[in-house]
file run-v3.cif (mmCIF, C-alpha atoms)
data_start
loop_
_atom_site.label_atom_id
_atom_site.label_comp_id
_atom_site.auth_asym_id
_atom_site.auth_seq_id
_atom_site.Cartn_x
_atom_site.Cartn_y
_atom_site.Cartn_z
CA MET A 170 108.97 -13.71 -7.31
CA SER A 171 105.84 -15.63 -8.31
CA HIS A 172 102.41 -14.55 -7.20
CA SER A 173 100.85 -16.50 -4.37
CA PRO A 174 97.23 -17.18 -5.41
CA ASP A 175 95.76 -17.13 -1.91
CA ARG A 176 97.18 -13.65 -1.21
CA VAL A 177 95.01 -11.92 -3.76
CA SER A 178 92.85 -14.27 -5.77
CA ASP A 179 92.06 -17.91 -6.44
CA ALA A 180 93.19 -17.50 -10.04
CA PRO A 181 96.96 -18.04 -10.40
CA ILE A 182 98.51 -15.69 -12.94
CA TYR A 183 101.90 -16.19 -14.54
CA ASP A 184 104.72 -14.36 -12.76
CA LEU A 185 102.59 -11.65 -11.14
CA ASP A 186 103.65 -10.41 -7.74
CA PRO A 187 101.43 -7.36 -7.04
CA GLU A 188 104.03 -5.65 -4.85
CA ALA A 189 106.72 -6.10 -7.52
CA VAL A 190 104.35 -4.85 -10.22
CA LEU A 191 103.75 -1.61 -8.30
CA GLU A 192 107.48 -0.97 -8.01
CA ARG A 193 107.66 -0.38 -11.77
CA ASP A 194 107.13 3.12 -13.12
CA PRO A 195 103.75 2.88 -14.90
CA ARG A 196 104.97 5.19 -17.65
CA VAL A 197 107.41 2.47 -18.70
CA LEU A 198 104.52 0.05 -19.16
CA PHE A 199 103.15 2.17 -21.99
CA GLU A 200 106.46 2.70 -23.79
CA PRO A 201 105.95 1.07 -27.25
CA ARG A 202 109.07 -1.11 -27.26
CA PHE A 203 108.44 -2.34 -23.74
CA LEU A 204 104.82 -3.07 -24.57
CA SER A 205 105.82 -5.13 -27.59
CA ALA A 206 108.38 -7.13 -25.60
CA LEU A 207 105.94 -7.64 -22.70
CA HIS A 208 103.21 -8.98 -24.98
CA ALA A 209 105.63 -11.26 -26.83
CA GLU A 210 107.06 -12.74 -23.62
CA LEU A 211 103.70 -13.34 -21.96
CA LEU A 212 102.20 -14.88 -25.11
CA ALA A 213 105.17 -17.22 -25.51
CA LYS A 214 105.32 -18.34 -21.87
CA SER A 215 101.69 -18.50 -20.81
CA GLY A 216 99.43 -18.42 -23.85
CA ALA A 217 96.85 -15.86 -24.91
CA GLU A 218 94.31 -16.37 -22.10
CA GLN A 219 96.74 -16.22 -19.19
CA ALA A 220 98.67 -13.38 -20.83
CA ARG A 221 95.47 -11.36 -21.03
CA ARG A 222 94.64 -11.98 -17.37
CA CYS A 223 98.15 -11.05 -16.27
CA LEU A 224 98.08 -7.83 -18.30
CA LEU A 225 94.63 -6.89 -16.99
CA ARG A 226 95.68 -7.29 -13.36
CA MET A 227 98.99 -5.52 -13.91
CA GLY A 228 97.23 -2.59 -15.56
CA PHE A 229 94.50 -2.49 -12.90
CA LEU A 230 97.03 -2.16 -10.08
CA HIS A 231 98.83 0.71 -11.77
CA GLY A 232 95.63 2.49 -12.77
CA MET A 233 94.27 2.33 -9.22
CA GLN A 234 97.60 3.41 -7.72
CA ASP A 235 97.87 6.41 -10.06
CA ALA A 236 94.29 7.46 -9.28
CA VAL A 237 94.88 7.22 -5.51
CA ARG A 238 97.98 9.37 -5.90
CA ALA A 239 96.13 11.86 -8.07
CA GLN A 240 93.41 12.17 -5.45
CA ALA A 241 95.90 12.70 -2.63
CA ALA A 242 98.23 14.87 -4.77
CA THR A 243 101.00 14.59 -2.18
CA ARG A 244 103.80 13.33 -4.36
CA ALA A 245 105.62 14.34 -7.52
CA ARG A 246 103.73 16.79 -9.70
CA ASP A 247 103.42 14.42 -12.66
CA ALA A 248 101.75 11.82 -10.42
CA CYS A 249 98.46 13.66 -10.92
CA ALA A 250 98.18 12.62 -14.58
CA PRO A 251 97.42 9.06 -15.66
CA ALA A 252 100.20 7.18 -17.43
CA LEU A 253 97.73 6.15 -20.12
CA VAL A 254 96.04 8.75 -22.32
CA MET A 255 92.28 8.24 -22.01
CA ARG A 256 89.35 10.19 -23.40
CA CYS A 257 86.18 9.49 -21.42
CA ARG A 258 82.57 10.59 -21.40
CA SER A 259 79.93 9.48 -18.95
CA LEU A 260 76.57 8.36 -20.33
CA PRO A 261 73.27 8.06 -18.46
CA SER A 262 72.41 4.48 -17.58
CA ALA A 263 69.53 3.01 -15.62
CA GLU A 264 71.80 0.23 -14.37
CA GLY A 265 74.52 2.38 -12.82
CA ILE A 266 77.73 4.12 -13.92
CA GLU A 267 78.62 3.82 -17.59
CA VAL A 268 81.64 5.45 -19.25
CA HIS A 269 82.52 5.37 -22.94
CA GLY A 270 85.92 6.38 -24.23
CA ASP A 271 89.01 5.58 -26.23
CA TRP A 272 92.79 5.31 -26.05
CA PRO A 273 93.76 7.63 -28.91
CA ASP A 274 97.48 6.77 -28.90
CA ARG A 275 96.82 3.08 -29.68
CA ARG A 276 100.16 2.25 -28.05
CA GLU A 277 99.24 -1.18 -26.76
CA ALA A 278 97.49 -2.13 -29.98
CA MET A 279 100.62 -1.29 -31.94
CA GLY A 280 102.83 -3.08 -29.42
CA ARG A 281 100.71 -6.22 -29.70
CA LEU A 282 100.77 -5.96 -33.50
CA TYR A 283 104.56 -5.73 -33.53
CA ALA A 284 104.82 -8.62 -31.06
CA SER A 285 102.55 -11.07 -32.89
CA GLY A 286 102.82 -9.83 -36.45
CA THR A 287 99.10 -10.42 -37.01
CA ARG A 288 96.13 -8.10 -36.80
CA GLY A 289 93.40 -8.87 -34.29
CA ALA A 290 90.63 -7.44 -32.17
CA ASP A 291 90.58 -6.77 -28.42
CA CYS A 292 94.37 -6.63 -27.91
CA CYS A 293 94.64 -3.90 -25.24
CA ALA A 294 94.35 -5.85 -21.99
CA LEU A 295 96.87 -3.71 -20.10
CA SER A 296 94.98 -0.56 -21.14
CA ALA A 297 91.63 -2.10 -20.16
CA GLY A 298 93.03 -3.04 -16.75
CA TYR A 299 94.58 0.38 -16.19
CA THR A 300 91.35 2.15 -17.13
CA SER A 301 89.37 -0.16 -14.84
CA GLY A 302 91.66 0.61 -11.92
CA TRP A 303 91.73 4.35 -12.59
CA LEU A 304 87.96 4.70 -12.89
CA SER A 305 87.28 2.39 -9.93
CA ALA A 306 89.39 4.58 -7.65
CA MET A 307 88.20 7.89 -9.06
CA LEU A 308 84.49 7.00 -8.95
CA ASP A 309 84.70 4.83 -5.80
CA ALA A 310 82.98 1.89 -7.48
CA ASP A 311 83.91 -1.50 -8.95
CA LEU A 312 84.22 -0.60 -12.62
CA LEU A 313 85.45 -2.76 -15.47
CA ALA A 314 86.50 -1.36 -18.86
CA MET A 315 86.04 -3.67 -21.85
CA GLU A 316 87.59 -2.94 -25.24
CA VAL A 317 84.93 -2.73 -27.97
CA GLY A 318 87.10 -1.69 -30.92
CA CYS A 319 90.85 -2.17 -31.39
CA GLY A 320 93.27 -0.19 -33.51
CA ALA A 321 95.31 -3.34 -34.15
CA GLU A 322 92.41 -4.59 -36.27
CA ASP A 323 91.40 -1.58 -38.35
CA GLY A 324 93.82 1.26 -37.51
CA SER A 325 91.22 3.41 -35.75
CA ALA A 326 91.33 4.58 -32.13
CA CYS A 327 90.98 1.83 -29.54
CA ARG A 328 87.55 2.18 -27.92
CA PHE A 329 86.22 0.94 -24.57
CA VAL A 330 83.08 0.83 -22.47
CA ALA A 331 83.31 0.80 -18.67
CA ARG A 332 80.45 -0.37 -16.46
CA GLU A 333 80.04 -1.52 -12.89
CA ALA A 334 81.14 -5.14 -12.57
CA SER A 335 77.62 -6.28 -11.69
CA CYS A 336 76.32 -4.88 -15.00
CA TRP A 337 78.47 -7.16 -17.14
CA GLY A 338 77.31 -10.71 -17.85
CA GLU A 339 79.31 -13.62 -16.46
CA ALA A 340 80.09 -14.88 -19.95
CA GLU A 341 81.41 -11.45 -20.99
CA LEU A 342 83.64 -11.28 -17.93
CA ARG A 343 85.07 -14.76 -18.46
CA GLU A 344 85.69 -14.19 -22.16
CA SER A 345 87.45 -10.86 -21.58
CA GLY A 346 89.41 -12.09 -18.55
CA LEU A 347 88.03 -9.29 -16.39
CA ASP A 348 86.73 -11.84 -13.88
CA ALA A 349 90.37 -12.20 -12.75
CA ILE A 350 90.40 -8.81 -10.97
CA PRO A 351 89.87 -8.99 -7.18
CA PHE A 352 88.66 -5.48 -6.40
CA ASP A 353 88.73 -5.53 -2.62
CA ALA A 354 92.13 -7.20 -2.34
CA PHE A 355 93.79 -4.90 -4.88
CA ARG A 356 92.18 -1.80 -3.38
CA ALA A 357 93.47 -2.77 0.08
CA LEU A 358 96.92 -3.53 -1.32
CA VAL A 359 97.23 -0.17 -3.11
CA ARG A 360 96.00 1.80 -0.10
CA ALA A 361 98.37 -0.03 2.25
CA ARG A 362 101.30 0.57 -0.08
CA GLU A 363 100.54 4.29 -0.36
CA ALA A 364 100.24 4.54 3.43
CA ARG A 365 103.64 2.87 3.83
CA GLN A 366 105.17 5.21 1.26
CA THR A 367 103.80 8.23 3.11
CA ALA A 368 105.28 6.91 6.34
CA VAL A 369 108.66 6.42 4.65
CA GLU A 370 108.60 9.99 3.33
CA LEU A 371 107.72 11.38 6.75
CA ALA A 372 110.44 9.29 8.37
CA GLY A 373 112.91 10.68 5.86
CA PHE A 374 111.93 14.24 6.74
CA ALA A 375 112.06 13.51 10.45
CA SER A 376 115.60 12.14 10.15
CA GLY A 377 116.72 15.21 8.20
CA THR A 378 117.13 13.26 4.93
CA PHE A 379 115.31 15.19 2.24
CA PRO A 380 114.47 13.57 -1.10
CA GLU A 381 115.81 15.49 -4.09
CA GLU A 382 112.39 16.84 -5.06
CA PHE A 383 112.08 18.52 -1.64
CA GLN A 384 115.38 20.40 -1.74
CA LEU A 385 115.05 24.08 -0.87
CA ASP A 386 116.62 26.80 -2.99
CA ARG A 387 117.27 29.39 -0.31
CA GLU A 388 118.76 31.89 -2.74
CA ALA A 389 115.71 32.00 -5.01
CA ALA A 390 112.84 34.23 -3.86
CA CYS A 391 110.20 31.86 -5.17
CA VAL A 392 107.25 29.91 -3.83
CA HIS A 393 107.84 26.18 -3.28
CA ILE A 394 104.88 23.79 -3.50
CA TRP A 395 105.17 20.12 -2.55
CA GLY A 396 101.73 18.55 -2.43
CA PRO A 397 100.14 19.75 0.83
CA VAL A 398 102.99 22.11 1.80
CA MET A 399 103.70 25.61 0.45
CA VAL A 400 106.73 27.72 1.38
CA ILE A 401 106.37 31.49 0.85
CA PRO A 402 109.41 33.79 1.19
CA PHE A 403 108.12 36.85 3.04
CA GLY A 404 108.19 39.98 0.92
CA GLY A 405 105.18 41.81 2.27
CA ALA A 406 101.43 41.34 2.37
CA ASP A 407 100.80 41.70 -1.36
CA GLU A 408 103.30 39.01 -2.38
CA GLY A 409 102.13 36.65 0.36
CA LEU A 410 98.46 37.05 -0.55
CA ARG A 411 99.19 36.51 -4.26
CA ALA A 412 100.98 33.27 -3.37
CA LEU A 413 97.98 32.10 -1.32
CA GLU A 414 95.67 32.84 -4.24
CA LEU A 415 97.43 30.01 -6.11
CA ILE A 416 95.44 27.59 -3.93
CA GLY A 417 92.29 28.61 -5.78
CA VAL A 418 93.65 28.88 -9.33
CA ASP A 419 96.65 26.54 -9.72
CA PRO A 420 95.90 22.77 -9.82
CA GLU A 421 99.36 22.06 -8.38
CA ALA A 422 98.46 24.10 -5.28
CA ALA A 423 94.94 22.78 -4.84
CA GLU A 424 95.95 20.32 -2.11
CA VAL A 425 97.95 22.80 -0.01
CA SER A 426 96.89 22.55 3.64
CA VAL A 427 99.95 24.00 5.44
CA VAL A 428 101.78 27.22 4.52
CA ILE A 429 105.23 28.15 5.78
CA VAL A 430 106.08 31.86 5.74
CA HIS A 431 109.88 32.08 5.50
CA LEU A 432 111.05 35.14 7.45
CA ALA A 433 114.84 34.83 7.09
CA HIS A 434 116.39 38.27 6.48
CA ALA A 435 112.91 39.84 6.52
CA VAL A 436 112.49 43.25 8.14
CA VAL A 437 109.17 43.23 10.00
CA ASP A 438 108.25 46.39 11.88
CA GLU A 439 105.52 46.70 14.50
CA ALA A 440 103.17 48.56 12.18
CA PHE A 441 103.05 47.61 8.50
CA GLY A 442 105.10 44.43 8.91
CA ALA A 443 102.87 43.09 11.67
CA MET A 444 99.77 43.98 9.66
CA ALA A 445 101.16 42.11 6.64
CA LEU A 446 101.81 38.95 8.68
CA GLU A 447 98.31 39.05 10.17
CA GLN A 448 96.77 39.47 6.71
CA ILE A 449 98.62 36.38 5.49
CA VAL A 450 97.53 34.31 8.51
CA GLN A 451 93.90 35.42 8.17
CA SER A 452 93.86 34.80 4.43
CA ALA A 453 95.32 31.32 4.96
CA GLU A 454 92.62 30.59 7.53
CA ALA A 455 90.00 31.63 4.99
CA TRP A 456 91.41 28.99 2.63
CA GLY A 457 91.28 26.41 5.46
CA VAL A 458 95.08 26.35 5.66
CA GLU A 459 97.35 26.29 8.73
CA THR A 460 100.28 28.74 8.89
CA LEU A 461 103.80 28.27 10.22
CA PHE A 462 106.49 30.98 10.48
CA ALA A 463 110.08 29.86 9.91
CA GLU A 464 113.45 31.39 10.81
CA PRO A 465 112.31 34.72 12.27
CA SER A 466 114.99 37.12 13.43
CA SER A 467 115.07 38.22 17.07
CA LEU A 468 113.31 41.45 16.04
CA CYS A 469 110.61 39.48 14.20
CA GLU A 470 110.02 37.28 17.24
CA ARG A 471 108.99 40.27 19.31
CA VAL A 472 106.52 41.41 16.65
CA ILE A 473 105.11 37.88 16.22
CA ALA A 474 104.53 37.54 19.96
CA GLU A 475 102.22 40.58 19.89
CA LEU A 476 100.12 39.57 16.85
CA ASP A 477 96.37 39.41 17.33
CA HIS A 478 96.26 36.57 14.76
CA PRO A 479 99.42 34.50 15.34
CA PRO A 480 100.45 31.47 13.28
CA LEU A 481 99.95 27.90 14.46
CA LEU A 482 103.69 27.52 15.16
CA VAL A 483 106.96 29.41 14.91
CA VAL A 484 109.91 27.19 13.96
CA LYS A 485 113.55 28.29 14.18
CA ASP A 486 114.83 26.26 11.20
CA LEU A 487 113.28 26.13 7.71
CA GLU A 488 114.01 22.43 7.15
CA ALA A 489 112.47 21.62 10.53
CA ALA A 490 109.43 23.68 9.55
CA VAL A 491 109.02 21.60 6.38
CA VAL A 492 109.20 18.39 8.42
CA THR A 493 106.58 19.74 10.82
CA ALA A 494 104.35 20.92 7.97
CA PHE A 495 104.28 17.46 6.38
CA GLN A 496 103.52 15.89 9.75
CA ILE A 497 100.61 18.31 10.24
CA ALA A 498 99.34 17.61 6.71
CA HIS A 499 99.57 13.86 7.33
CA SER A 500 97.59 14.23 10.56
CA GLN A 501 94.96 16.28 8.75
CA ARG A 502 94.49 13.52 6.17
CA ARG A 503 94.08 10.91 8.90
CA LEU A 504 91.41 13.00 10.64
CA SER A 505 89.48 13.84 7.45
#
call {"tool": "encode", "arguments": {"input": "run-v3.cif", "output": "structure tokens"}}
result
Amino acid sequence: MSHSPDRVSDAPIYDLDPEAVLERDPRVLFEPRFLSALHAELLAKSGAEQARRCLLRMGFLHGMQDAVRAQAATRARDACAPALVMRCRSLPSAEGIEVHGDWPDRREAMGRLYASGTRGADCCALSAGYTSGWLSAMLDADLLAMEVGCGAEDGSACRFVAREASCWGEAELRESGLDAIPFDAFRALVRAREARQTAVELAGFASGTFPEEFQLDREAACVHIWGPVMVIPFGGADEGLRALELIGVDPEAAEVSVVIVHLAHAVVDEAFGAMALEQIVQSAEAWGVETLFAEPSSLCERVIAELDHPPLLVVKDLEAAVVTAFQIAHSQRRLS
């Protein structure tokens, strides 16, 4: 599908449908053979200037999408890392945000070199776009990264400087092609797409259809963490509290906002067992986390009913508890 100029920008770009671009796994974009083929095709069909603009916009969309996912941290674990390896350092600037860095892998530079067969400067348009999108989302500003040294020319690391769009001169933006990036439109598009994806995931849970990454291993006595939801098999206060401590020390648990204590087959007496459950609930509250109990036995139900610090909800089925936990987490994000 071809891109409709009035949907996103006044500048038509060869064969760029933003929605279709975002369907592609960004990791594929930075695979060397794909990069080489992509550069060769765009250069042949649209020329150097339009190819650069297409690559910049394509990269920007993926960089912004990956950053939004990293901030939310509600999807696959590897979504938290950018697809492009970047080394960045922020420098003081009187004019606003300024970031200097490099792309040490030089993947796009080598792909462009293989595609054209000639050495040249400023070849990494996809990388510049991705970095612009990533930094713009992470720093909540309109940032543009411009390549200032390319490995396709001298074999060194590819270097860039990123500044707020208003700090670049008009001539610099036109020459680099960075004037082709519509910040507001792309930001709205990425946010809308992520919101739709979240709704699809929640609908899948609500219908009882669980994606593969959310499958529960009931036989394994291990903690499950899926973005904002943690499932803890109950084995006493010490084990439960150690699991909750992951929220403060494990980056993969940093976004947990709902904990499910799985009570299947657990023996909970009215003394030590009840005390253990209350400790877990109170510790979760201290982390700012809601607690659900799942699959309690009839004996557990009586103990739970008499707790001084009960959980938010008690759910009969573990899968239903996971559905509910994601719905609660989604509501929390909307209210925050």
call {"tool": "closest_residue", "arguments": {"input": "run-v3.cif", "among": "A:Glu339, A:Glu424, A:Glu277, A:Glu454", "to": "A:Gly320", "atoms": "all atoms listed in the file"}}
result
A:Glu277
call {"tool": "closest_atom_pairs", "arguments": {"input": "run-v3.cif", "of": "stretch 311-341 of chain A", "to": "stretch 351-358 of chain A", "cutoff": "12 Å", "atoms": "only C-alpha atoms", "output": "tab-separated table"}}
result
residue	atom	partner	partner_atom	distance
A:Asp311	CA	A:Phe352	CA	6.7
A:Leu312	CA	A:Phe352	CA	9.1
A:Leu313	CA	A:Phe352	CA	10.0
A:Glu333	CA	A:Phe352	CA	11.5
A:Ala334	CA	A:Phe352	CA	9.7
call {"tool": "resolve_selection", "arguments": {"input": "run-v3.cif", "expression": "the PyMOL selection byres ((chain A and resi 362) around 12)", "output": "list of chain:residue names"}}
result
A:Pro187, A:Glu188, A:Ala189, A:Val190, A:Leu191, A:Glu192, A:Leu230, A:His231, A:Met233, A:Gln234, A:Val237, A:Arg238, A:Phe355, A:Arg356, A:Ala357, A:Leu358, A:Val359, A:Arg360, A:Ala361, A:Glu363, A:Ala364, A:Arg365, A:Gln366, A:Thr367, A:Ala368, A:Val369
call {"tool": "residues_near_point", "arguments": {"input": "run-v3.cif", "point": "(95.6, -11.1, -16.7)", "cutoff": "8 Å", "atoms": "only C-alpha atoms", "output": "list in words"}}
result
Ile182, Glu218, Gln219, Ala220, Arg221, Arg222, Cys223, Leu224, Leu225, Arg226, Met227, Ala294, Gly346, Leu347 and Ala349 of chain A
call {"tool": "closest_residue", "arguments": {"input": "run-v3.cif", "among": "A:Lys485, A:Arg343, A:Arg258, A:His499", "to": "A:Cys469", "atoms": "all atoms listed in the file"}}
result
A:Lys485
call {"tool": "atom_distance", "arguments": {"input": "run-v3.cif", "atom1": "atom CA of A:Gly417", "atom2": "atom CA of A:Ala474"}}
result
29.9 Å
call {"tool": "residues_around", "arguments": {"input": "run-v3.cif", "residues": "A:Asp438", "least_positions_apart": "2", "cutoff": "10 Å", "atoms": "all atoms listed in the file", "output": "list in words"}}
result
Ala435, Val436, Ala440, Phe441, Gly442, Ala443, Met444, Ala445, Leu468, Cys469, Arg471 and Val472 of chain A
call {"tool": "atom_distance", "arguments": {"input": "run-v3.cif", "atom1": "atom CA of A:Gly302", "atom2": "atom CA of A:Ser205"}}
result
21.9 Å
call {"tool": "closest_residue", "arguments": {"input": "run-v3.cif", "among": "A:Val317, A:Ala297, A:Val425, A:Ala412", "to": "A:Gly457", "atoms": "only C-alpha atoms"}}
result
A:Val425
call {"tool": "atom_distance", "arguments": {"input": "run-v3.cif", "atom1": "atom CA of A:Ala490", "atom2": "atom CA of A:Ala406"}}
result
20.7 Å
call {"tool": "resolve_selection", "arguments": {"input": "run-v3.cif", "expression": "the PyMOL selection byres ((chain A and resi 271) around 7)", "output": "PyMOL selection string"}}
result
chain A and resi 255-257+270+272-273+326-329
call {"tool": "closest_residue", "arguments": {"input": "run-v3.cif", "among": "A:Glu459, A:Asp407, A:Glu322, A:Glu414", "to": "A:Leu481", "atoms": "all atoms listed in the file"}}
result
A:Glu459
call {"tool": "residues_around", "arguments": {"input": "run-v3.cif", "residues": "A:Gly228", "least_positions_apart": "4", "cutoff": "7 Å", "atoms": "all atoms listed in the file", "output": "compact mmCIF listing (two decimals) with C-alpha atoms, keeping the file's coordinate frame"}}
result
# COMPACT_ATOMS: atom_id res chain seq x y z
CA LEU A 224 98.08 -7.83 -18.30
CA GLY A 232 95.63 2.49 -12.77
CA LEU A 295 96.87 -3.71 -20.10
CA SER A 296 94.98 -0.56 -21.14
CA GLY A 298 93.03 -3.04 -16.75
CA TYR A 299 94.58 0.38 -16.19
call {"tool": "closest_residue", "arguments": {"input": "run-v3.cif", "among": "A:Leu211, A:Leu446, A:Gly265, A:Glu421", "to": "A:Ala239", "atoms": "only C-alpha atoms"}}
result
A:Glu421
call {"tool": "resolve_selection", "arguments": {"input": "run-v3.cif", "expression": "the PyMOL selection byres ((chain A and resi 403) around 8)", "output": "VMD selection string"}}
result
chain A and resid 401 to 402 404 to 405 408 to 409 430 to 432 435
call {"tool": "closest_residue", "arguments": {"input": "run-v3.cif", "among": "A:Cys319, A:Val483, A:Val450, A:Ala340", "to": "A:Ala463", "atoms": "only C-alpha atoms"}}
result
A:Val483
call {"tool": "residues_around", "arguments": {"input": "run-v3.cif", "residues": "A:Ala284", "least_positions_apart": "6", "cutoff": "8 Å", "atoms": "only C-alpha atoms", "output": "PyMOL selection string"}}
result
chain A and resi 205-206+208-209
call {"tool": "decode", "arguments": {"input": "run-v3.cif", "residues": "stretch 294-307 of chain A", "atoms": "N, CA and C atoms", "output": "PDB file, in the first residue's frame"}}
result
ATOM      1  N   ALA A 294      20.798   6.618   7.251  1.00  0.00           N
ATOM      2  CA  ALA A 294      19.539   7.342   7.426  1.00  0.00           C
ATOM      3  C   ALA A 294      18.567   6.571   8.315  1.00  0.00           C
ATOM      4  N   LEU A 295      18.491   5.263   8.144  1.00  0.00           N
ATOM      5  CA  LEU A 295      17.592   4.464   8.979  1.00  0.00           C
ATOM      6  C   LEU A 295      18.000   4.565  10.444  1.00  0.00           C
ATOM      7  N   SER A 296      19.305   4.508  10.707  1.00  0.00           N
ATOM      8  CA  SER A 296      19.815   4.622  12.079  1.00  0.00           C
ATOM      9  C   SER A 296      19.546   6.012  12.658  1.00  0.00           C
ATOM     10  N   ALA A 297      19.728   7.049  11.823  1.00  0.00           N
ATOM     11  CA  ALA A 297      19.461   8.414  12.289  1.00  0.00           C
ATOM     12  C   ALA A 297      17.980   8.586  12.621  1.00  0.00           C
ATOM     13  N   GLY A 298      17.109   8.025  11.795  1.00  0.00           N
ATOM     14  CA  GLY A 298      15.680   8.106  12.067  1.00  0.00           C
ATOM     15  C   GLY A 298      15.300   7.353  13.324  1.00  0.00           C
ATOM     16  N   TYR A 299      15.839   6.136  13.473  1.00  0.00           N
ATOM     17  CA  TYR A 299      15.532   5.328  14.659  1.00  0.00           C
ATOM     18  C   TYR A 299      15.974   6.052  15.930  1.00  0.00           C
ATOM     19  N   THR A 300      17.188   6.586  15.915  1.00  0.00           N
ATOM     20  CA  THR A 300      17.712   7.295  17.082  1.00  0.00           C
ATOM     21  C   THR A 300      16.872   8.532  17.389  1.00  0.00           C
ATOM     22  N   SER A 301      16.437   9.225  16.354  1.00  0.00           N
ATOM     23  CA  SER A 301      15.573  10.400  16.547  1.00  0.00           C
ATOM     24  C   SER A 301      14.269  10.005  17.222  1.00  0.00           C
ATOM     25  N   GLY A 302      13.659   8.927  16.748  1.00  0.00           N
ATOM     26  CA  GLY A 302      12.398   8.478  17.330  1.00  0.00           C
ATOM     27  C   GLY A 302      12.556   7.990  18.752  1.00  0.00           C
ATOM     28  N   TRP A 303      13.619   7.225  18.996  1.00  0.00           N
ATOM     29  CA  TRP A 303      13.881   6.695  20.341  1.00  0.00           C
ATOM     30  C   TRP A 303      14.089   7.828  21.350  1.00  0.00           C
ATOM     31  N   LEU A 304      14.979   8.752  21.009  1.00  0.00           N
ATOM     32  CA  LEU A 304      15.281   9.850  21.930  1.00  0.00           C
ATOM     33  C   LEU A 304      14.087  10.788  22.107  1.00  0.00           C
ATOM     34  N   SER A 305      13.328  11.021  21.037  1.00  0.00           N
ATOM     35  CA  SER A 305      12.162  11.899  21.139  1.00  0.00           C
ATOM     36  C   SER A 305      11.147  11.355  22.121  1.00  0.00           C
ATOM     37  N   ALA A 306      10.928  10.035  22.086  1.00  0.00           N
ATOM     38  CA  ALA A 306       9.968   9.429  23.014  1.00  0.00           C
ATOM     39  C   ALA A 306      10.533   9.365  24.420  1.00  0.00           C
ATOM     40  N   MET A 307      11.791   8.989  24.552  1.00  0.00           N
ATOM     41  CA  MET A 307      12.391   8.836  25.872  1.00  0.00           C
ATOM     42  C   MET A 307      12.518  10.172  26.605  1.00  0.00           C
TER      43      MET A 307
END
